[in-house]
Structures are given as C-alpha cells and as structure tokens.
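Dumped my_file25.cif below, it's mmCIF, C-alpha atoms:
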```cif
data_upload
#
loop_
_atom_site.label_atom_id
_atom_site.label_comp_id
_atom_site.auth_asym_id
_atom_site.auth_seq_id
_atom_site.Cartn_x
_atom_site.Cartn_y
_atom_site.Cartn_z
CA MET A 470 0.94 -1.04 -30.30
CA SER A 471 -2.48 -2.15 -28.98
CA ARG A 472 -3.65 -0.98 -25.59
CA ARG A 473 -3.48 -4.55 -24.29
CA SER A 474 0.15 -4.89 -25.41
CA GLY A 475 1.02 -1.55 -23.83
CA ILE A 476 -0.50 -2.60 -20.51
CA LEU A 477 1.43 -5.88 -20.56
CA GLU A 478 4.73 -4.10 -21.28
CA PHE A 479 4.02 -1.67 -18.44
CA ALA A 480 3.31 -4.52 -16.01
CA VAL A 481 6.40 -6.49 -17.03
CA LEU A 482 8.65 -3.47 -16.56
CA GLY A 483 7.06 -2.78 -13.17
CA LEU A 484 7.56 -6.34 -11.93
CA LEU A 485 11.16 -6.46 -13.16
CA ARG A 486 11.87 -3.20 -11.42
CA GLU A 487 11.29 -5.12 -8.18
CA SER A 488 13.68 -7.93 -9.11
CA PRO A 489 15.01 -9.89 -12.12
CA MET A 490 12.86 -12.91 -13.09
CA HIS A 491 12.67 -15.62 -15.69
CA GLY A 492 9.63 -16.05 -17.91
CA TYR A 493 7.82 -18.58 -15.73
CA GLU A 494 8.14 -16.37 -12.66
CA LEU A 495 6.87 -13.38 -14.61
CA ARG A 496 3.87 -15.28 -15.92
CA LYS A 497 3.04 -16.50 -12.42
CA ARG A 498 3.25 -12.99 -10.95
CA LEU A 499 1.11 -11.57 -13.76
CA ASN A 500 -1.50 -14.28 -13.20
CA THR A 501 -1.62 -14.21 -9.42
CA SER A 502 -0.81 -10.62 -8.48
CA LEU A 503 -2.34 -8.60 -11.31
CA GLY A 504 -5.94 -9.59 -11.86
CA VAL A 505 -6.08 -7.99 -15.30
CA PHE A 506 -3.68 -10.72 -16.56
CA ARG A 507 -5.45 -13.75 -15.13
CA ALA A 508 -5.76 -15.32 -18.57
CA PHE A 509 -2.91 -14.97 -21.04
CA SER A 510 -0.35 -17.30 -22.54
CA TYR A 511 3.38 -17.63 -23.00
CA GLY A 512 2.66 -16.88 -26.63
CA THR A 513 1.70 -13.38 -25.50
CA LEU A 514 4.43 -12.86 -22.91
CA TYR A 515 7.54 -13.88 -24.86
CA PRO A 516 6.99 -11.59 -27.87
CA CYS A 517 6.53 -8.79 -25.34
CA LEU A 518 9.82 -9.68 -23.64
CA LYS A 519 11.64 -9.83 -26.98
CA THR A 520 10.30 -6.37 -27.86
CA LEU A 521 11.46 -4.93 -24.54
CA VAL A 522 14.92 -6.47 -25.05
CA ALA A 523 15.10 -5.05 -28.58
CA ASN A 524 14.20 -1.61 -27.23
CA GLY A 525 17.06 -1.80 -24.73
CA TRP A 526 14.77 -1.80 -21.70
CA LEU A 527 15.61 -5.36 -20.66
CA ILE A 528 18.64 -7.60 -20.93
CA GLU A 529 18.70 -11.40 -21.00
CA GLU A 530 20.99 -13.30 -18.67
CA THR A 531 21.57 -17.06 -18.64
CA GLY A 532 20.75 -18.66 -15.31
CA SER A 533 20.26 -16.90 -12.00
CA THR A 534 22.42 -19.20 -9.86
CA SER A 535 25.50 -21.38 -10.22
CA GLU A 536 23.20 -24.42 -9.93
CA ASP A 537 21.32 -23.31 -13.06
CA ALA A 538 24.56 -23.01 -14.99
CA LEU A 539 25.73 -26.48 -13.89
CA ALA A 540 22.36 -28.16 -14.42
CA ALA A 541 22.04 -27.17 -18.06
CA PRO A 542 24.85 -29.34 -19.53
CA LEU A 543 24.01 -32.25 -17.21
CA THR A 544 20.32 -32.39 -18.13
CA GLY A 545 20.66 -31.30 -21.74
CA ARG A 546 18.21 -28.51 -21.11
CA ARG A 547 18.87 -24.87 -21.85
CA ALA A 548 19.56 -22.72 -18.80
CA LYS A 549 16.72 -20.44 -17.84
CA ILE A 550 16.80 -16.96 -19.29
CA VAL A 551 16.53 -14.31 -16.62
CA TYR A 552 15.26 -10.86 -17.59
CA ARG A 553 16.74 -7.81 -15.89
CA LEU A 554 15.65 -4.18 -16.16
CA THR A 555 18.25 -1.83 -17.65
CA ALA A 556 18.81 1.79 -16.63
CA ASP A 557 16.96 2.87 -19.77
CA GLY A 558 14.14 0.49 -18.90
CA LYS A 559 13.84 1.94 -15.42
CA GLU A 560 13.76 5.46 -16.83
CA HIS A 561 11.10 4.43 -19.36
CA PHE A 562 8.96 2.82 -16.66
CA GLU A 563 9.19 5.93 -14.51
CA GLN A 564 8.01 7.98 -17.48
CA LEU A 565 5.05 5.65 -17.88
CA LEU A 566 4.28 5.94 -14.16
CA SER A 567 4.11 9.73 -14.43
CA GLN A 568 1.51 9.69 -17.22
CA THR A 569 -1.99 10.74 -16.14
CA GLY A 570 -3.82 11.06 -19.46
CA PRO A 571 -7.26 9.61 -20.28
CA ASP A 572 -5.86 6.14 -21.02
CA ALA A 573 -4.94 5.81 -17.33
CA TYR A 574 -8.64 5.91 -16.40
CA GLU A 575 -9.79 3.00 -18.58
CA ASP A 576 -10.69 -0.28 -16.90
CA GLU A 577 -7.67 -2.48 -17.68
CA THR A 578 -5.15 0.37 -17.72
CA PHE A 579 -6.33 1.67 -14.35
CA ALA A 580 -6.10 -1.82 -12.84
CA ALA A 581 -2.46 -2.15 -13.94
CA ARG A 582 -1.64 1.40 -12.83
CA PHE A 583 -3.20 0.80 -9.43
CA ALA A 584 -1.09 -2.34 -8.95
CA PHE A 585 2.03 -0.13 -9.04
CA PHE A 586 0.74 2.77 -6.95
CA GLY A 587 3.37 1.84 -4.37
CA GLN A 588 5.99 3.03 -6.88
CA THR A 589 3.99 6.11 -7.92
CA SER A 590 4.24 9.62 -6.45
CA ARG A 591 1.29 10.91 -4.43
CA ASP A 592 0.39 13.72 -6.84
CA VAL A 593 0.24 11.29 -9.77
CA ARG A 594 -1.85 8.85 -7.73
CA MET A 595 -4.29 11.67 -6.99
CA ARG A 596 -4.66 12.65 -10.63
CA VAL A 597 -5.23 9.06 -11.72
CA LEU A 598 -7.77 8.40 -8.95
CA GLU A 599 -9.67 11.61 -9.67
CA GLY A 600 -9.63 10.90 -13.40
CA ARG A 601 -10.93 7.38 -12.84
CA ARG A 602 -13.70 8.70 -10.58
CA SER A 603 -14.72 11.27 -13.17
CA ARG A 604 -14.79 8.59 -15.87
CA LEU A 605 -17.04 6.36 -13.76
CA GLU A 606 -19.35 9.22 -12.85
CA GLU A 607 -19.81 9.89 -16.57
CA ARG A 608 -20.51 6.20 -17.08
CA LEU A 609 -23.15 6.26 -14.33
CA GLU A 610 -24.90 9.21 -15.94
CA LYS A 611 -25.08 7.41 -19.28
CA MET A 612 -26.28 4.18 -17.69
CA SER A 613 -28.96 6.02 -15.74
CA ALA A 614 -30.16 7.89 -18.82
CA SER A 615 -30.24 4.69 -20.86
CA LEU A 616 -32.18 2.87 -18.16
CA ALA A 617 -34.71 5.68 -17.94
CA ARG A 618 -35.31 5.51 -21.72
CA THR A 619 -35.62 1.73 -21.96
CA ARG A 620 -37.10 0.73 -18.58
CA GLU A 621 -40.58 0.10 -19.96
CA ARG A 622 -39.24 -2.18 -22.72
CA LEU A 623 -37.07 -4.37 -20.49
CA ASP A 624 -38.14 -7.61 -18.83
CA ASP A 625 -37.51 -8.02 -15.11
CA TYR A 626 -34.26 -9.96 -15.50
CA THR A 627 -32.69 -7.54 -17.95
CA LEU A 628 -33.76 -4.67 -15.73
CA GLU A 629 -32.15 -6.33 -12.72
CA LEU A 630 -28.93 -6.85 -14.67
CA GLN A 631 -28.85 -3.14 -15.54
CA ARG A 632 -29.35 -2.22 -11.89
CA HIS A 633 -26.63 -4.64 -10.86
CA GLY A 634 -24.19 -2.97 -13.25
CA MET A 635 -25.02 0.48 -11.91
CA GLU A 636 -24.59 -0.66 -8.32
CA SER A 637 -21.15 -2.09 -9.18
CA VAL A 638 -20.01 1.22 -10.63
CA GLU A 639 -21.46 3.12 -7.67
CA ARG A 640 -19.47 0.91 -5.28
CA GLU A 641 -16.25 1.62 -7.14
CA VAL A 642 -16.97 5.36 -7.01
CA ARG A 643 -17.41 5.12 -3.23
CA TRP A 644 -14.14 3.19 -2.99
CA LEU A 645 -12.36 5.84 -5.06
CA ASN A 646 -13.80 8.56 -2.82
CA GLU A 647 -12.28 6.82 0.20
CA LEU A 648 -8.89 6.48 -1.50
CA ILE A 649 -8.90 10.12 -2.61
CA GLU A 650 -9.79 11.24 0.90
CA SER A 651 -6.89 9.21 2.31
CA GLU A 652 -4.47 10.63 -0.27
CA ARG A 653 -5.55 14.19 0.51
CA ALA A 654 -5.05 13.55 4.19
CA GLY A 655 -1.55 12.23 3.50
CA ARG A 656 -2.42 8.74 4.68
CA ASP A 657 -1.07 5.57 3.12
CA LEU A 658 -3.38 2.56 2.94
CA LYS A 659 -1.44 0.55 5.52
CA GLY A 660 0.18 3.05 7.81
CA PRO A 661 0.28 6.52 9.39
CA ALA A 662 0.55 9.79 7.47
CA THR A 663 3.77 9.94 5.49
CA GLU A 664 5.18 11.52 2.38
CA GLU A 665 6.66 8.23 1.21
CA PRO A 666 4.82 6.20 -1.46
CA ALA A 667 2.29 3.64 -0.26
CA SER A 668 3.44 0.08 0.32
CA ARG A 669 3.46 -2.42 -2.54
CA ASP A 670 0.10 -4.06 -1.69
CA THR A 671 -2.44 -1.35 -2.40
CA THR A 672 -5.37 -3.62 -3.08
CA SER A 673 -6.96 -3.05 0.34
CA GLY A 674 -7.25 -6.82 0.65
CA THR A 675 -5.07 -9.51 2.13
CA SER A 676 -4.22 -11.70 -0.81
CA GLY A 677 -2.34 -9.18 -2.98
CA VAL A 678 -4.66 -9.83 -5.96
CA LEU A 679 -5.75 -6.66 -7.66
CA PRO A 680 -9.53 -6.24 -7.90
CA ARG A 681 -10.81 -6.23 -11.45
CA PRO A 682 -12.45 -3.01 -12.66
CA GLY A 683 -15.97 -2.96 -11.33
CA ASP A 684 -15.20 -5.36 -8.47
CA ASP A 685 -16.02 -4.11 -5.01
CA PRO A 686 -12.44 -3.69 -3.71
CA ARG A 687 -13.43 -3.53 -0.05
CA PRO A 688 -12.68 -6.75 1.83
CA ASP A 689 -16.14 -7.02 3.46
CA THR A 690 -18.12 -6.94 0.20
CA PRO A 691 -18.05 -9.56 -2.59
CA GLY A 692 -16.66 -8.34 -5.94
CA ASP A 693 -18.97 -7.59 -8.84
CA THR A 694 -18.13 -6.91 -12.44
CA ALA A 695 -19.05 -3.50 -13.81
CA THR A 696 -20.86 -3.24 -17.08
#
```

For this file, produce the structure as structure tokens.
Amino acid sequence: MSRRSGILEFAVLGLLRESPMHGYELRKRLNTSLGVFRAFSYGTLYPCLKTLVANGWLIEETGSTSEDALAAPLTGRRAKIVYRLTADGKEHFEQLLSQTGPDAYEDETFAARFAFFGQTSRDVRMRVLEGRRSRLEERLEKMSASLARTRERLDDYTLELQRHGMESVEREVRWLNELIESERAGRDLKGPATEEPASRDTTSGTSGVLPRPGDDPRPDTPGDTAT
C-alpha cells in the first residue's frame, strides 16, 4: 500500500467513526474538512472503500432513510450506498491512532493525524507533535546549511524563495511549540484544562479546514507552503 492510500484509508475510517456516510458525503468531507485531500477523485475513493469493505472494516448498506428506499424504484436509480464502520474497523482505526512512528511526522500524514487529534489520547498527541517538531528542526538545519553553501551562486529571486521556505518552516515550529506547551499544561485548544480529548476542530481556525503542512496555522497570519 502506498503512503497516499494509507492516509486516505485512515481518513475515511476516521470520518465514518463519526457517522455513517455515502460516497458523495465522504468525498465532500475529505475535500472541505481535510486540506490534504483537496484534490482527489471518485476513482481514488471508491477503490479505497471497496478495500475497506473487503477487509471487514466497513459494511455497505442500501439507503439511509425510507425515502431513499422508495425513491430508487420510482426513479430507476440505484439507492445510495451508505458506508458504516464495523467493530473491527473501529478497533483498527484506534490502532492507527495510537501509532507514533516516523511516518506520523511526514507532511501529509501529520496533516491527516492532526485532523483527528480530537479522537486521540493526550500522550499520543504529545509524541506526534514532538516528533513533527523534531522533523522540522532537522529540515531547517539542512535548509540553512544548503543556503550557506549556495548563497553566492543564487540570484536574488531564488535566494528570496529559499528564505521564504525557511520562514514557513520556522512558523510551523513556533506553532508546534505553542501546541506542545498547551498539551503539557493540560489545556485543550478550545477550553479549560481537562483530561478529555480536545474537541473535533483542532485547526485553531474558524472554518474547520486543516492547514496544509507548511501553512501558518495561526488565524492572524496568512498560510505559506513549506519547501
């Protein structure tokens, strides 16, 4: 399985843990709520759903309401297929949530993981945040060393692009520092200190759209794309 496919399966399981949905609803949620999936097709989603059904993690149900069931024979259209998470699927998703290995720190994987921090335990959130910060600090060191070696050979515009990339990563590191400090203090992003998981919208914004890796996630600063 490719990393991209694994991230999509993780996101689908996470969304269906909230409630059963049909394919169109899933695609809409993936596009609007999870920034990492802003551009993908039904041709990508439906093979993923079929795989999850074959693995026993989802079941297919015909129609979500009595109106759906009645409309199908009258219009000649097939009733919508609704996908529901099984007990095995929930257990599998919880196993995925608990993983804190190096893959969790990569750009797209971290974005998807962060989208479901509201369903993740505090200790796991801490390990993922600290791992992501460490990964970005390593990236900054490499970028700085590369810039120092090539500065004299770069034109002004290329040099400015390199600086822009470094500033984007630095902003994300500052954001991660703030999140880690809040987690250590036992504070959720939208409420007083509590031992319960943070609320569903952990994007620190108001629209519910997850910032892409390298974006400045703070609401008062425009997003940038890390390089």

### Message
Between atom CA of A:Pro516 and atom CA of A:Ser567, what distance in Å does the model show, to one decimal?
### Response
25.4 Å

### Task
Calculate how many Å separate atom CA of A:Met612 from atom CA of A:Arg632, rounding to one decimal.
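One can read the atom CA of A:Met612 to atom CA of A:Arg632 distance as 9.2 Å.
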
### Task
Select all residues near (-10.9, 10.3, -13.4) (cut-off 12 Å, inclusive, file coordinates), counting only C-alpha atoms, and output them as a PyMOL selection string.
chain A and resi 569-576+579+593-608+641-642+645-646+649

Could those selected residues go to a file with C-alpha atoms, as a PDB file, in the coordinates of the input?
```pdb
ATOM      1  CA  THR A 569      -1.990  10.740 -16.140  1.00  0.00           C
ATOM      2  CA  GLY A 570      -3.820  11.060 -19.460  1.00  0.00           C
ATOM      3  CA  PRO A 571      -7.260   9.610 -20.280  1.00  0.00           C
ATOM      4  CA  ASP A 572      -5.860   6.140 -21.020  1.00  0.00           C
ATOM      5  CA  ALA A 573      -4.940   5.810 -17.330  1.00  0.00           C
ATOM      6  CA  TYR A 574      -8.640   5.910 -16.400  1.00  0.00           C
ATOM      7  CA  GLU A 575      -9.790   3.000 -18.580  1.00  0.00           C
ATOM      8  CA  ASP A 576     -10.690  -0.280 -16.900  1.00  0.00           C
ATOM      9  CA  PHE A 579      -6.330   1.670 -14.350  1.00  0.00           C
ATOM     10  CA  VAL A 593       0.240  11.290  -9.770  1.00  0.00           C
ATOM     11  CA  ARG A 594      -1.850   8.850  -7.730  1.00  0.00           C
ATOM     12  CA  MET A 595      -4.290  11.670  -6.990  1.00  0.00           C
ATOM     13  CA  ARG A 596      -4.660  12.650 -10.630  1.00  0.00           C
ATOM     14  CA  VAL A 597      -5.230   9.060 -11.720  1.00  0.00           C
ATOM     15  CA  LEU A 598      -7.770   8.400  -8.950  1.00  0.00           C
ATOM     16  CA  GLU A 599      -9.670  11.610  -9.670  1.00  0.00           C
ATOM     17  CA  GLY A 600      -9.630  10.900 -13.400  1.00  0.00           C
ATOM     18  CA  ARG A 601     -10.930   7.380 -12.840  1.00  0.00           C
ATOM     19  CA  ARG A 602     -13.700   8.700 -10.580  1.00  0.00           C
ATOM     20  CA  SER A 603     -14.720  11.270 -13.170  1.00  0.00           C
ATOM     21  CA  ARG A 604     -14.790   8.590 -15.870  1.00  0.00           C
ATOM     22  CA  LEU A 605     -17.040   6.360 -13.760  1.00  0.00           C
ATOM     23  CA  GLU A 606     -19.350   9.220 -12.850  1.00  0.00           C
ATOM     24  CA  GLU A 607     -19.810   9.890 -16.570  1.00  0.00           C
ATOM     25  CA  ARG A 608     -20.510   6.200 -17.080  1.00  0.00           C
ATOM     26  CA  GLU A 641     -16.250   1.620  -7.140  1.00  0.00           C
ATOM     27  CA  VAL A 642     -16.970   5.360  -7.010  1.00  0.00           C
ATOM     28  CA  LEU A 645     -12.360   5.840  -5.060  1.00  0.00           C
ATOM     29  CA  ASN A 646     -13.800   8.560  -2.820  1.00  0.00           C
ATOM     30  CA  ILE A 649      -8.900  10.120  -2.610  1.00  0.00           C
TER      31      ILE A 649
END
```

### Task
Enumerate, as a PyMOL selection string, the residues matched when the PyMOL selection byres ((chain A and resi 552) around 7) is run on the file above.
chain A and resi 489-491+527-530+550-551+553-554

### Query
Of the candidates A:Arg582, A:Trp644, A:Gly558, A:Gln631, which one gets nearest to A:Asn524 if we count all atoms listed in the file?
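Checking each of A:Arg582, A:Trp644, A:Gly558, A:Gln631 against A:Asn524, counting all atoms listed in the file, the winner is A:Gly558.
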
Padding of 6 Å on every side, edges along x, y and z, all listed atoms of stretch 592-598 of chain A included: what centre and edge lengths in Å, to one decimal, does that box have, as lines of an AutoDock Vina configuration file?
```
center_x = -3.7
center_y = 11.1
center_z = -9.3
size_x = 20.2
size_y = 17.3
size_z = 16.9
```

### Message
As an exercise, work out the distance from atom CA of A:Glu563 to atom CA of A:Leu484 in Å and give it to one decimal place.
### Response
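Interatomic distance, atom CA of A:Glu563 to atom CA of A:Leu484: 12.6 Å.
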
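Near A:Ala581, within 8 Å and counting all atoms listed in the file, sit Ile476, Phe479, Ala480, Leu503, Val505, Glu577, Thr578, Phe579, Phe583, Ala584 and Phe585 of chain A; same-chain residues fewer than 2 positions away were not included.
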
#### Entry: A:Arg640, A:Arg496, A:Lys549, A:Lys559 ranked by distance to A:Gly525, top pick (using all atoms listed in the file)
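For A:Gly525, the nearest of the candidates is A:Lys559.
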
## Note on the structure
From the list A:Met635, A:Leu628, A:Ala654, A:Val481, the nearest residue to A:Lys611 using all atoms listed in the file is A:Met635

For this file, the PyMOL selection byres ((chain A and resi 515) around 12) selects which residues, as a tab-separated table (two decimals) with C-alpha atoms, in the coordinates of the input?
```tsv
chain	number	residue	atom	x	y	z
A	474	SER	CA	0.15	-4.89	-25.41
A	477	LEU	CA	1.43	-5.88	-20.56
A	478	GLU	CA	4.73	-4.10	-21.28
A	481	VAL	CA	6.40	-6.49	-17.03
A	491	HIS	CA	12.67	-15.62	-15.69
A	492	GLY	CA	9.63	-16.05	-17.91
A	493	TYR	CA	7.82	-18.58	-15.73
A	495	LEU	CA	6.87	-13.38	-14.61
A	496	ARG	CA	3.87	-15.28	-15.92
A	509	PHE	CA	-2.91	-14.97	-21.04
A	510	SER	CA	-0.35	-17.30	-22.54
A	511	TYR	CA	3.38	-17.63	-23.00
A	512	GLY	CA	2.66	-16.88	-26.63
A	513	THR	CA	1.70	-13.38	-25.50
A	514	LEU	CA	4.43	-12.86	-22.91
A	516	PRO	CA	6.99	-11.59	-27.87
A	517	CYS	CA	6.53	-8.79	-25.34
A	518	LEU	CA	9.82	-9.68	-23.64
A	519	LYS	CA	11.64	-9.83	-26.98
A	520	THR	CA	10.30	-6.37	-27.86
A	521	LEU	CA	11.46	-4.93	-24.54
A	522	VAL	CA	14.92	-6.47	-25.05
A	550	ILE	CA	16.80	-16.96	-19.29
A	552	TYR	CA	15.26	-10.86	-17.59
```
